[in-house]
file start_16.tsv (TSV, N, CA, C and O atoms)
chain	number	residue	atom	x	y	z
A	1	MET	N	7.61	-11.76	-12.04
A	1	MET	CA	7.74	-11.12	-10.75
A	1	MET	C	7.35	-12.12	-9.68
A	1	MET	O	6.29	-12.71	-9.71
A	2	SER	N	8.19	-12.27	-8.69
A	2	SER	CA	7.93	-13.27	-7.65
A	2	SER	C	6.84	-12.83	-6.67
A	2	SER	O	6.23	-13.65	-6.02
A	3	ASP	N	6.63	-11.52	-6.56
A	3	ASP	CA	5.63	-11.02	-5.62
A	3	ASP	C	4.33	-10.64	-6.33
A	3	ASP	O	3.76	-9.59	-6.10
A	4	ALA	N	3.88	-11.51	-7.21
A	4	ALA	CA	2.65	-11.24	-7.96
A	4	ALA	C	1.48	-11.06	-7.00
A	4	ALA	O	1.43	-11.66	-5.94
A	5	ILE	N	0.55	-10.21	-7.39
A	5	ILE	CA	-0.62	-9.94	-6.56
A	5	ILE	C	-1.61	-11.09	-6.74
A	5	ILE	O	-2.04	-11.37	-7.85
A	6	SER	N	-1.94	-11.73	-5.66
A	6	SER	CA	-2.90	-12.83	-5.70
A	6	SER	C	-4.08	-12.51	-4.80
A	6	SER	O	-4.01	-11.62	-3.95
A	7	ALA	N	-5.16	-13.25	-4.99
A	7	ALA	CA	-6.33	-13.07	-4.13
A	7	ALA	C	-5.98	-13.37	-2.68
A	7	ALA	O	-6.47	-12.70	-1.76
A	8	ASP	N	-5.12	-14.36	-2.46
A	8	ASP	CA	-4.69	-14.67	-1.09
A	8	ASP	C	-3.96	-13.51	-0.45
A	8	ASP	O	-4.14	-13.21	0.72
A	9	ARG	N	-3.11	-12.87	-1.24
A	9	ARG	CA	-2.36	-11.71	-0.71
A	9	ARG	C	-3.31	-10.56	-0.38
A	9	ARG	O	-3.17	-9.92	0.66
A	10	VAL	N	-4.25	-10.30	-1.25
A	10	VAL	CA	-5.24	-9.24	-1.01
A	10	VAL	C	-6.04	-9.57	0.25
A	10	VAL	O	-6.26	-8.70	1.10
A	11	SER	N	-6.45	-10.81	0.39
A	11	SER	CA	-7.20	-11.24	1.58
A	11	SER	C	-6.38	-11.06	2.85
A	11	SER	O	-6.90	-10.62	3.88
A	12	ALA	N	-5.09	-11.38	2.78
A	12	ALA	CA	-4.23	-11.24	3.95
A	12	ALA	C	-4.10	-9.78	4.38
A	12	ALA	O	-4.17	-9.46	5.57
A	13	VAL	N	-3.95	-8.89	3.41
A	13	VAL	CA	-3.85	-7.46	3.73
A	13	VAL	C	-5.18	-6.96	4.31
A	13	VAL	O	-5.19	-6.21	5.29
A	14	ALA	N	-6.28	-7.37	3.72
A	14	ALA	CA	-7.60	-6.96	4.23
A	14	ALA	C	-7.82	-7.49	5.64
A	14	ALA	O	-8.33	-6.76	6.50
A	15	THR	N	-7.42	-8.71	5.89
A	15	THR	CA	-7.57	-9.28	7.23
A	15	THR	C	-6.73	-8.52	8.24
A	15	THR	O	-7.19	-8.21	9.34
A	16	ALA	N	-5.50	-8.18	7.86
A	16	ALA	CA	-4.62	-7.42	8.75
A	16	ALA	C	-5.20	-6.04	9.06
A	16	ALA	O	-5.02	-5.52	10.16
A	17	ALA	N	-5.90	-5.47	8.08
A	17	ALA	CA	-6.52	-4.15	8.27
A	17	ALA	C	-7.91	-4.26	8.88
A	17	ALA	O	-8.58	-3.24	9.05
A	18	ARG	N	-8.33	-5.48	9.16
A	18	ARG	CA	-9.65	-5.74	9.75
A	18	ARG	C	-10.79	-5.26	8.84
A	18	ARG	O	-11.79	-4.70	9.29
A	19	VAL	N	-10.60	-5.49	7.55
A	19	VAL	CA	-11.61	-5.15	6.56
A	19	VAL	C	-12.22	-6.46	6.06
A	19	VAL	O	-11.52	-7.29	5.49
A	20	PRO	N	-13.52	-6.65	6.28
A	20	PRO	CA	-14.14	-7.88	5.79
A	20	PRO	C	-14.15	-7.89	4.26
A	20	PRO	O	-14.50	-6.91	3.63
A	21	LEU	N	-13.70	-9.02	3.69
A	21	LEU	CA	-13.59	-9.11	2.25
A	21	LEU	C	-13.93	-10.53	1.81
A	21	LEU	O	-13.30	-11.49	2.25
A	22	ALA	N	-14.92	-10.64	0.97
A	22	ALA	CA	-15.31	-11.96	0.44
A	22	ALA	C	-14.26	-12.43	-0.55
A	22	ALA	O	-13.60	-11.61	-1.21
A	23	PRO	N	-14.06	-13.74	-0.67
A	23	PRO	CA	-13.05	-14.26	-1.61
A	23	PRO	C	-13.23	-13.76	-3.04
A	23	PRO	O	-12.25	-13.45	-3.71
A	24	ILE	N	-14.46	-13.64	-3.50
A	24	ILE	CA	-14.70	-13.15	-4.87
A	24	ILE	C	-14.24	-11.71	-5.02
A	24	ILE	O	-13.73	-11.30	-6.07
A	25	GLU	N	-14.39	-10.91	-3.96
A	25	GLU	CA	-13.93	-9.51	-3.99
A	25	GLU	C	-12.40	-9.45	-4.02
A	25	GLU	O	-11.82	-8.61	-4.71
A	26	ALA	N	-11.75	-10.32	-3.26
A	26	ALA	CA	-10.28	-10.37	-3.26
A	26	ALA	C	-9.75	-10.72	-4.64
A	26	ALA	O	-8.77	-10.13	-5.11
A	27	GLU	N	-10.42	-11.65	-5.32
A	27	GLU	CA	-10.01	-12.01	-6.68
A	27	GLU	C	-10.17	-10.83	-7.63
A	27	GLU	O	-9.30	-10.56	-8.46
A	28	ARG	N	-11.28	-10.11	-7.51
A	28	ARG	CA	-11.54	-8.96	-8.37
A	28	ARG	C	-10.50	-7.86	-8.15
A	28	ARG	O	-9.97	-7.28	-9.09
A	29	ILE	N	-10.17	-7.60	-6.89
A	29	ILE	CA	-9.18	-6.58	-6.56
A	29	ILE	C	-7.81	-6.98	-7.10
A	29	ILE	O	-7.09	-6.16	-7.67
A	30	ALA	N	-7.43	-8.25	-6.92
A	30	ALA	CA	-6.14	-8.73	-7.40
A	30	ALA	C	-6.04	-8.56	-8.92
A	30	ALA	O	-5.01	-8.10	-9.43
A	31	ARG	N	-7.10	-8.92	-9.64
A	31	ARG	CA	-7.10	-8.75	-11.10
A	31	ARG	C	-7.00	-7.28	-11.49
A	31	ARG	O	-6.36	-6.93	-12.48
A	32	ALA	N	-7.62	-6.41	-10.71
A	32	ALA	CA	-7.64	-4.99	-11.06
A	32	ALA	C	-6.29	-4.31	-10.82
A	32	ALA	O	-5.88	-3.46	-11.62
A	33	VAL	N	-5.60	-4.67	-9.76
A	33	VAL	CA	-4.35	-3.96	-9.43
A	33	VAL	C	-3.11	-4.62	-10.00
A	33	VAL	O	-2.07	-3.98	-10.14
A	34	ALA	N	-3.18	-5.89	-10.36
A	34	ALA	CA	-2.00	-6.62	-10.82
A	34	ALA	C	-1.30	-5.96	-12.01
A	34	ALA	O	-0.07	-5.82	-11.99
A	35	PRO	N	-2.00	-5.54	-13.06
A	35	PRO	CA	-1.30	-4.93	-14.20
A	35	PRO	C	-0.49	-3.69	-13.81
A	35	PRO	O	0.64	-3.51	-14.26
A	36	THR	N	-1.06	-2.84	-12.97
A	36	THR	CA	-0.35	-1.63	-12.56
A	36	THR	C	0.86	-1.96	-11.70
A	36	THR	O	1.94	-1.40	-11.88
A	37	VAL	N	0.69	-2.89	-10.77
A	37	VAL	CA	1.80	-3.30	-9.91
A	37	VAL	C	2.93	-3.88	-10.76
A	37	VAL	O	4.11	-3.56	-10.53
A	38	LEU	N	2.60	-4.70	-11.73
A	38	LEU	CA	3.62	-5.29	-12.59
A	38	LEU	C	4.34	-4.23	-13.42
A	38	LEU	O	5.55	-4.29	-13.60
A	39	ARG	N	3.60	-3.24	-13.92
A	39	ARG	CA	4.24	-2.15	-14.69
A	39	ARG	C	5.20	-1.37	-13.80
A	39	ARG	O	6.30	-1.01	-14.23
A	40	PHE	N	4.79	-1.08	-12.57
A	40	PHE	CA	5.68	-0.36	-11.65
A	40	PHE	C	6.93	-1.19	-11.36
A	40	PHE	O	8.03	-0.65	-11.30
A	41	ALA	N	6.76	-2.48	-11.19
A	41	ALA	CA	7.90	-3.36	-10.89
A	41	ALA	C	8.87	-3.40	-12.07
A	41	ALA	O	10.08	-3.33	-11.88
A	42	ARG	N	8.34	-3.51	-13.28
A	42	ARG	CA	9.21	-3.54	-14.47
A	42	ARG	C	9.98	-2.24	-14.63
A	42	ARG	O	11.12	-2.23	-15.05
A	43	ALA	N	9.34	-1.12	-14.29
A	43	ALA	CA	9.99	0.19	-14.41
A	43	ALA	C	10.86	0.50	-13.19
A	43	ALA	O	11.51	1.54	-13.15
A	44	LYS	N	10.84	-0.39	-12.21
A	44	LYS	CA	11.61	-0.22	-10.96
A	44	LYS	C	11.27	1.09	-10.26
A	44	LYS	O	12.14	1.85	-9.84
A	45	ILE	N	9.97	1.36	-10.18
A	45	ILE	CA	9.47	2.55	-9.50
A	45	ILE	C	9.20	2.19	-8.05
A	45	ILE	O	8.49	1.22	-7.76
A	46	ASP	N	9.78	2.95	-7.15
A	46	ASP	CA	9.59	2.70	-5.72
A	46	ASP	C	8.69	3.79	-5.15
A	46	ASP	O	8.98	4.98	-5.30
A	47	LEU	N	7.61	3.37	-4.54
A	47	LEU	CA	6.71	4.32	-3.89
A	47	LEU	C	6.84	4.15	-2.38
A	47	LEU	O	6.11	3.40	-1.76
A	48	SER	N	7.80	4.84	-1.82
A	48	SER	CA	7.98	4.77	-0.38
A	48	SER	C	6.85	5.55	0.28
A	48	SER	O	6.64	6.72	0.01
A	49	LEU	N	6.13	4.88	1.14
A	49	LEU	CA	5.00	5.51	1.80
A	49	LEU	C	5.29	5.70	3.29
A	49	LEU	O	5.89	4.83	3.92
A	50	GLU	N	4.86	6.79	3.83
A	50	GLU	CA	4.99	7.05	5.25
A	50	GLU	C	3.99	6.16	5.97
A	50	GLU	O	2.79	6.26	5.73
A	51	THR	N	4.48	5.29	6.82
A	51	THR	CA	3.57	4.38	7.51
A	51	THR	C	3.04	4.96	8.81
A	51	THR	O	2.10	4.44	9.36
A	52	GLU	N	3.66	6.02	9.28
A	52	GLU	CA	3.21	6.63	10.53
A	52	GLU	C	3.14	8.14	10.34
A	52	GLU	O	4.08	8.86	10.65
A	53	PRO	N	2.04	8.65	9.79
A	53	PRO	CA	1.93	10.08	9.53
A	53	PRO	C	2.07	10.93	10.79
A	53	PRO	O	2.53	12.06	10.71
A	54	ALA	N	1.73	10.39	11.94
A	54	ALA	CA	1.85	11.16	13.18
A	54	ALA	C	3.30	11.53	13.46
A	54	ALA	O	3.58	12.60	14.01
A	55	SER	N	4.25	10.67	13.09
A	55	SER	CA	5.66	10.99	13.34
A	55	SER	C	6.09	12.17	12.47
A	55	SER	O	6.85	13.03	12.91
A	56	PHE	N	5.61	12.24	11.23
A	56	PHE	CA	5.92	13.37	10.37
A	56	PHE	C	5.37	14.66	10.98
A	56	PHE	O	6.06	15.68	11.03
A	57	LEU	N	4.15	14.60	11.48
A	57	LEU	CA	3.53	15.78	12.07
A	57	LEU	C	4.32	16.25	13.29
A	57	LEU	O	4.55	17.45	13.46
A	58	ALA	N	4.77	15.33	14.12
A	58	ALA	CA	5.54	15.71	15.32
A	58	ALA	C	6.85	16.39	14.93
A	58	ALA	O	7.22	17.41	15.50
A	59	VAL	N	7.55	15.85	13.94
A	59	VAL	CA	8.81	16.44	13.49
A	59	VAL	C	8.55	17.80	12.88
A	59	VAL	O	9.27	18.77	13.14
A	60	ARG	N	7.52	17.90	12.08
A	60	ARG	CA	7.20	19.17	11.42
A	60	ARG	C	6.87	20.26	12.45
A	60	ARG	O	7.30	21.40	12.31
A	61	ARG	N	6.13	19.90	13.48
A	61	ARG	CA	5.80	20.88	14.52
A	61	ARG	C	7.05	21.37	15.23
A	61	ARG	O	7.15	22.54	15.56
A	62	ARG	N	8.00	20.45	15.47
A	62	ARG	CA	9.27	20.87	16.09
A	62	ARG	C	10.02	21.84	15.20
A	62	ARG	O	10.60	22.80	15.67
A	63	GLU	N	10.03	21.57	13.89
A	63	GLU	CA	10.72	22.46	12.95
A	63	GLU	C	10.07	23.84	12.92
A	63	GLU	O	10.75	24.85	12.87
A	64	ILE	N	8.76	23.89	12.95
A	64	ILE	CA	8.05	25.16	12.92
A	64	ILE	C	8.31	25.95	14.21
A	64	ILE	O	8.44	27.18	14.19
A	65	ALA	N	8.41	25.25	15.33
A	65	ALA	CA	8.61	25.90	16.63
A	65	ALA	C	9.98	26.57	16.75
A	65	ALA	O	10.15	27.46	17.56
A	66	ARG	N	10.94	26.14	15.93
A	66	ARG	CA	12.31	26.72	16.03
A	66	ARG	C	12.38	28.13	15.62
A	66	ARG	O	11.99	28.81	14.89

call {"tool": "encode", "arguments": {"input": "start_16.tsv", "output": "structure tokens"}}
result
Amino acid sequence: MSDAISADRVSAVATAARVPLAPIEAERIARAVAPTVLRFARAKIDLSLETEPASFLAVRRREIAR
């Protein structure tokens, strides 16, 4: 898999989320999640996640108001 989970990748995500993370913790997290991520990739499982829950709530409220 070309998008293997690495400590650098974990650190980048933590930095983007403004979560302080020591390099040793990033390595531990990468080791912990890598097997599951690889299994999902092999099975071609897509977990589409809502990145903006507020937009769902706004649409849902409009539907209820009808």

call {"tool": "atom_distance", "arguments": {"input": "start_16.tsv", "atom1": "atom CA of Glu25 of chain A", "atom2": "atom CA of Ala7 of chain A"}}
result
8.4 Å

call {"tool": "closest_residue", "arguments": {"input": "start_16.tsv", "among": "A:Ile64, A:Ala4, A:Ser48, A:Ala58", "to": "Ala30 of chain A", "atoms": "all atoms listed in the file"}}
result
A:Ala4

call {"tool": "atom_distance", "arguments": {"input": "start_16.tsv", "atom1": "atom CA of Glu27 of chain A", "atom2": "atom CA of Thr15 of chain A"}}
result
14.4 Å

call {"tool": "atom_distance", "arguments": {"input": "start_16.tsv", "atom1": "atom N of Ser11 of chain A", "atom2": "atom O of Ala43 of chain A"}}
result
25.7 Å
